[in-house]
Structure formats: structure tokens, C-alpha cells
Amino acid sequence: MTELPPILTATQVGKHYGQTAALADIDMNLALGESLAIMGPSGSGKTTLLHCLAGIIAPDSGTIRLQPTDRNPAAEITSLKESGRTALRREVFGFVFQQGLLLPELSAVDNVALAAMLAGMSRQEATAHARGWLQRLGLATHMGRRIGQLSGGQAQRVAIARAQVTQPVVTFADEPTGALDSHTSAEVLSELLASTTGRGSTLVVVTHDETVAARCSRIVRLADGRIVSDTGRRVEAR
């Protein structure tokens with residue numbers, strides 16, 4: 001198997017909620033340009049792992065390190081203050097969630113442009129980038145519509161555009177196709193893969209859907225907060 005350099009490295013990561021271990025001594029490397037599906041039964045720690053890797057929550061133990069690229073410096077995420085993790089989530093990471101979490105009072109283009117403006121773009125530049133991504137995702141005639149005027153698949157395409165408008169190094173997706181029918185799910189996943197690994201960045205997907213997982217280059221399965229299997233490309237440790 002091809003060895004790939006990591007973009008994220010987790011070492012002995014643990015997280016507890018009361019007496020329950022949501023994560024127990026997780027070790028894993030995540031490569032730049034790969035797509036990783038995280039699977040497991042409910043309560044296995046899937047979303048907790050994604051949230052720790054993305055800097056949404058801090059683990060109780062262990063370290064998570066972001067490796068440097070031409071877009072970002074190295075960072076030990078677990079030692080950053082909340083302001084530092086917020087900056088990573090805004091400028092280096094992208095997010096797509098099952099319900100989209102879009103702002104219903106804004107149009108599609110304004111939802112996407114807002115993410116770009118929060119990352120430092122001017123309104124004019126952000127709007128131009130937003131329009132470009134929406135056109136790329138087949139929403140050229142829907143840019144001015146509010147989220148409630150879109151279908152579920154269209155809304156998820158807006159969520160993908162919002163996640164990609166800043167050209168993130170890693171995109172995290174939590175059940176991004178969970179609320180969609182099988183045909184729309186396949187289309188949305190194709191667009192998500194094309195907009196992430198298709199341009200050399202990384203995709204991390206939490207999913208219960210074996211069909212979704214099968215289209216990723218690697219599958220990690222969790223049980224009781226531990227990795228029980230890890231299939232796919234070998235990632236060269238640093």
C-alpha cells in the first residue's frame with residue numbers, strides 16, 4: 001500500500017463523560033488526500049472522535065496534532081485555547097452536518113458567503129467565491145432562494161459549498177447523507193468527495209451507512225470507545 005504523510009495525528013486520546021469512557025487511548029494517523037469513514041454502533045464514540053479531531057471539544061488525555069501544509073502551520077490542537085481552536089475551525093477545517101445547520105433567514109449564496117467572510121474575505125470576494133461553489137454544485141439557479149425553499153439534497157449541496165468556500169485542509173462530515181434518500185445520498189456523497197479528496201484535501205465522515213463507507217478509501221470501526229478495525233491505505237507516521 002502507498003504510504004501517505006499524515007495531516008492529523010492522534011496519540012492516546014481519551015474522553016470520559018462521568019464514569020463512561022467515550023474514547024479510550026485512541027491512536028491514529030489521518031493522511032492528506034484520503035477519505036476516512038468512522039463507523040460503529042450508537043454510543044461507540046464516533047461523533048466524540050470526530051469532535052476531538054476537529055477541535056470542537058477537548059479530550060481529557062492524549063494529543064492531537066495538525067501537521068503543516070502550504071495552507072497551515074503545524075499546531076498541537078489539544079494545547080490550543082478555545083480561541084485557537086475556533087480559528088482552526090474557521091480557517092483550516094470545514095464542516096458538513098446531517099441537518100446542514102444553515103441559517104434559514106439567509107439565501108443560499110449568503111449562507112456560503114458568510115462562512116468566507118468569517119474567514120477574512122471581503123464581502124465582494126466572499127460572494128464571488130460563494131457563487132462559484134454553488135454553480136459548481138449545480139445550484140446556479142437557486143442562489144437567491146432561502147434554505148426552506150430548497151430540497152434536502154439542494155440544502156446539503158449548500159452546506160458542502162459553505163464548507164468548501166474557504167478551501168479547508170480537512171472537512172469533517174457527521175452523517176451528511178443521513179436524512180436523504182438513496183439516490184440523493186449517492187449524488188451528495190459524490191459531490192462531497194469531489195470537492196475534498198478530488199482537490200487533494202481530506203474528508204472524515206461519521207456514518208452508519210455501509211454504502212457511504214464503501215466509497216471512502218479507509219474505514220475505521222469503533223466499539224466502546226476503542227478502534228477495533230482500521231482498513232485502507234497505510235499512513236506514514238511522523
# chains A, B, ... in the order shown; residues from 1 in each chain; ligands from 1
call {"tool": "residues_around", "arguments": {"residues": "Ala119 (chain A)", "least_positions_apart": "5", "cutoff": "10 Å", "atoms": "only C-alpha atoms", "output": "list of chain:residue names"}}
result
A:Ala87, A:Leu88, A:Arg89, A:Arg90, A:Glu91, A:Val92, A:Ala113, A:Leu114, A:Ala126, A:Val165, A:Thr166
call {"tool": "residues_around", "arguments": {"residues": "Glu175 (chain A)", "least_positions_apart": "2", "cutoff": "8 Å", "atoms": "only C-alpha atoms", "output": "PyMOL selection string"}}
result
chain A and resi 97-98+173+177-178+205-208
call {"tool": "write_last_selection", "arguments": {"atoms": "N, CA and C atoms", "output": "tab-separated table (two decimals), in the first residue's frame"}}
result
chain	number	residue	atom	x	y	z
A	97	PHE	N	-22.92	18.82	8.34
A	97	PHE	CA	-23.67	18.03	9.31
A	97	PHE	C	-24.95	17.49	8.68
A	98	GLN	N	-25.59	16.53	9.37
A	98	GLN	CA	-26.76	15.86	8.81
A	98	GLN	C	-27.87	16.85	8.48
A	173	ALA	N	-17.53	15.55	8.29
A	173	ALA	CA	-18.94	15.40	7.96
A	173	ALA	C	-19.58	14.38	8.89
A	177	THR	N	-25.40	12.38	4.81
A	177	THR	CA	-26.46	11.89	3.91
A	177	THR	C	-27.56	11.18	4.69
A	178	GLY	N	-27.53	11.29	6.01
A	178	GLY	CA	-28.45	10.51	6.84
A	178	GLY	C	-29.91	10.82	6.62
A	205	VAL	N	-15.71	11.21	7.58
A	205	VAL	CA	-17.16	11.05	7.61
A	205	VAL	C	-17.56	10.09	8.72
A	206	VAL	N	-18.43	10.54	9.61
A	206	VAL	CA	-19.10	9.63	10.54
A	206	VAL	C	-20.37	9.15	9.87
A	207	THR	N	-20.57	7.84	9.80
A	207	THR	CA	-21.73	7.31	9.10
A	207	THR	C	-22.14	5.96	9.67
A	208	HIS	N	-23.45	5.66	9.56
A	208	HIS	CA	-23.96	4.32	9.84
A	208	HIS	C	-24.15	3.53	8.55
call {"tool": "residues_around", "arguments": {"residues": "Thr202 (chain A)", "least_positions_apart": "4", "cutoff": "7 Å", "atoms": "only C-alpha atoms", "output": "mmCIF file with C-alpha atoms, in the first residue's frame"}}
result
data_model
loop_
_atom_site.group_PDB
_atom_site.id
_atom_site.type_symbol
_atom_site.label_atom_id
_atom_site.label_comp_id
_atom_site.auth_asym_id
_atom_site.auth_seq_id
_atom_site.Cartn_x
_atom_site.Cartn_y
_atom_site.Cartn_z
ATOM 1 C CA LEU A 32 -3.775 14.390 3.462
ATOM 2 C CA GLY A 33 -5.938 13.437 0.480
ATOM 3 C CA GLU A 34 -7.676 10.396 1.934
ATOM 4 C CA SER A 35 -11.331 9.831 2.780
ATOM 5 C CA VAL A 169 -7.444 21.216 4.552
ATOM 6 C CA VAL A 170 -9.746 18.758 6.349
ATOM 7 C CA THR A 171 -13.532 18.513 6.032
ATOM 8 C CA THR A 196 -12.475 17.364 -0.895
ATOM 9 C CA THR A 197 -10.250 14.444 -1.910
#
call {"tool": "select_by_dssp", "arguments": {"residues": "region 73-144 of chain A", "states": "strand (DSSP E)", "output": "list in words"}}
result
Ala75, Glu76, Phe93, Gly94, Phe95, Val96 and Phe97 of chain A
call {"tool": "closest_residue", "arguments": {"among": "A:Asp27, A:Glu82, A:Asp181, A:Asp224", "to": "Thr63 (chain A)", "atoms": "only C-alpha atoms"}}
result
A:Asp27
call {"tool": "atom_distance", "arguments": {"atom1": "CA of Ala128 (chain A)", "atom2": "CA of Thr69 (chain A)"}}
result
25.4 Å
call {"tool": "decode", "arguments": {"residues": "region 83-188 of chain A", "atoms": "C-alpha atoms", "output": "compact mmCIF listing (two decimals), in the first residue's frame"}}
result
# COMPACT_ATOMS: atom_id res chain seq x y z
CA SER A 83 -9.85 30.93 20.57
CA GLY A 84 -7.13 28.98 18.76
CA ARG A 85 -9.41 26.02 18.10
CA THR A 86 -12.10 28.39 16.84
CA ALA A 87 -9.62 29.88 14.37
CA LEU A 88 -8.77 26.38 13.09
CA ARG A 89 -12.44 25.54 12.64
CA ARG A 90 -12.99 28.80 10.79
CA GLU A 91 -9.92 28.85 8.55
CA VAL A 92 -8.47 25.33 8.20
CA PHE A 93 -11.35 22.90 8.77
CA GLY A 94 -14.73 22.58 7.05
CA PHE A 95 -17.93 21.01 8.40
CA VAL A 96 -21.00 19.33 6.92
CA PHE A 97 -23.67 18.03 9.31
CA GLN A 98 -26.76 15.86 8.81
CA GLN A 99 -29.21 18.75 9.15
CA GLY A 100 -26.91 21.24 7.42
CA LEU A 101 -27.16 23.81 10.24
CA LEU A 102 -27.69 26.53 7.66
CA LEU A 103 -29.24 29.89 8.54
CA PRO A 104 -32.85 29.74 7.29
CA GLU A 105 -33.28 33.52 7.10
CA LEU A 106 -30.40 33.84 4.61
CA SER A 107 -30.28 32.89 0.94
CA ALA A 108 -28.11 30.05 -0.29
CA VAL A 109 -25.43 32.42 -1.55
CA ASP A 110 -25.43 34.45 1.67
CA ASN A 111 -25.07 31.29 3.79
CA VAL A 112 -21.96 30.35 1.83
CA ALA A 113 -20.55 33.88 1.64
CA LEU A 114 -20.93 34.33 5.41
CA ALA A 115 -18.50 31.46 6.05
CA ALA A 116 -15.96 33.07 3.72
CA MET A 117 -16.35 36.49 5.38
CA LEU A 118 -15.83 34.95 8.82
CA ALA A 119 -12.56 33.55 7.46
CA GLY A 120 -11.43 37.05 6.47
CA MET A 121 -12.65 37.59 2.89
CA SER A 122 -14.27 40.86 1.88
CA ARG A 123 -17.98 40.70 1.14
CA GLN A 124 -17.35 41.09 -2.61
CA GLU A 125 -14.72 38.36 -2.69
CA ALA A 126 -16.79 36.07 -0.45
CA THR A 127 -19.87 36.45 -2.63
CA ALA A 128 -17.86 35.69 -5.77
CA HIS A 129 -16.41 32.55 -4.20
CA ALA A 130 -19.84 31.52 -2.92
CA ARG A 131 -21.38 31.89 -6.37
CA GLY A 132 -18.57 29.87 -7.90
CA TRP A 133 -19.07 26.96 -5.49
CA LEU A 134 -22.85 26.97 -5.85
CA GLN A 135 -22.51 26.92 -9.64
CA ARG A 136 -20.04 24.04 -9.37
CA LEU A 137 -22.56 22.11 -7.27
CA GLY A 138 -25.42 22.64 -9.71
CA LEU A 139 -27.22 25.41 -7.82
CA ALA A 140 -26.75 28.29 -10.25
CA THR A 141 -30.50 28.93 -10.44
CA HIS A 142 -31.08 28.54 -6.70
CA MET A 143 -28.59 31.01 -5.23
CA GLY A 144 -31.18 33.57 -4.14
CA ARG A 145 -33.51 31.06 -2.50
CA ARG A 146 -33.75 30.67 1.24
CA ILE A 147 -32.96 27.28 2.73
CA GLY A 148 -36.62 26.42 3.34
CA GLN A 149 -37.25 26.80 -0.39
CA LEU A 150 -34.72 24.08 -1.25
CA SER A 151 -35.00 20.31 -1.25
CA GLY A 152 -32.98 18.26 1.24
CA GLY A 153 -30.38 17.42 -1.37
CA GLN A 154 -30.10 21.02 -2.51
CA ALA A 155 -29.68 22.20 1.08
CA GLN A 156 -26.87 19.69 1.61
CA ARG A 157 -25.17 20.99 -1.52
CA VAL A 158 -25.33 24.47 0.02
CA ALA A 159 -23.77 23.00 3.18
CA ILE A 160 -20.97 21.47 1.08
CA ALA A 161 -20.39 24.80 -0.67
CA ARG A 162 -20.27 26.56 2.71
CA ALA A 163 -17.74 24.01 3.98
CA GLN A 164 -15.52 24.27 0.88
CA VAL A 165 -15.61 28.01 0.19
CA THR A 166 -12.56 28.54 2.41
CA GLN A 167 -10.68 25.62 0.77
CA PRO A 168 -10.26 23.68 4.04
CA VAL A 169 -7.44 21.22 4.55
CA VAL A 170 -9.75 18.76 6.35
CA THR A 171 -13.53 18.51 6.03
CA PHE A 172 -15.50 16.79 8.80
CA ALA A 173 -18.94 15.40 7.96
CA ASP A 174 -21.30 13.91 10.55
CA GLU A 175 -23.96 11.73 8.87
CA PRO A 176 -24.07 14.13 5.89
CA THR A 177 -26.46 11.89 3.91
CA GLY A 178 -28.45 10.51 6.84
CA ALA A 179 -31.63 12.44 6.03
CA LEU A 180 -31.53 11.81 2.27
CA ASP A 181 -32.96 9.11 0.02
CA SER A 182 -30.50 6.66 -1.52
CA HIS A 183 -30.30 8.35 -4.92
CA THR A 184 -29.79 11.84 -3.49
CA SER A 185 -27.36 10.42 -0.91
CA ALA A 186 -25.17 8.97 -3.68
CA GLU A 187 -25.17 12.28 -5.57
CA VAL A 188 -24.34 14.36 -2.49
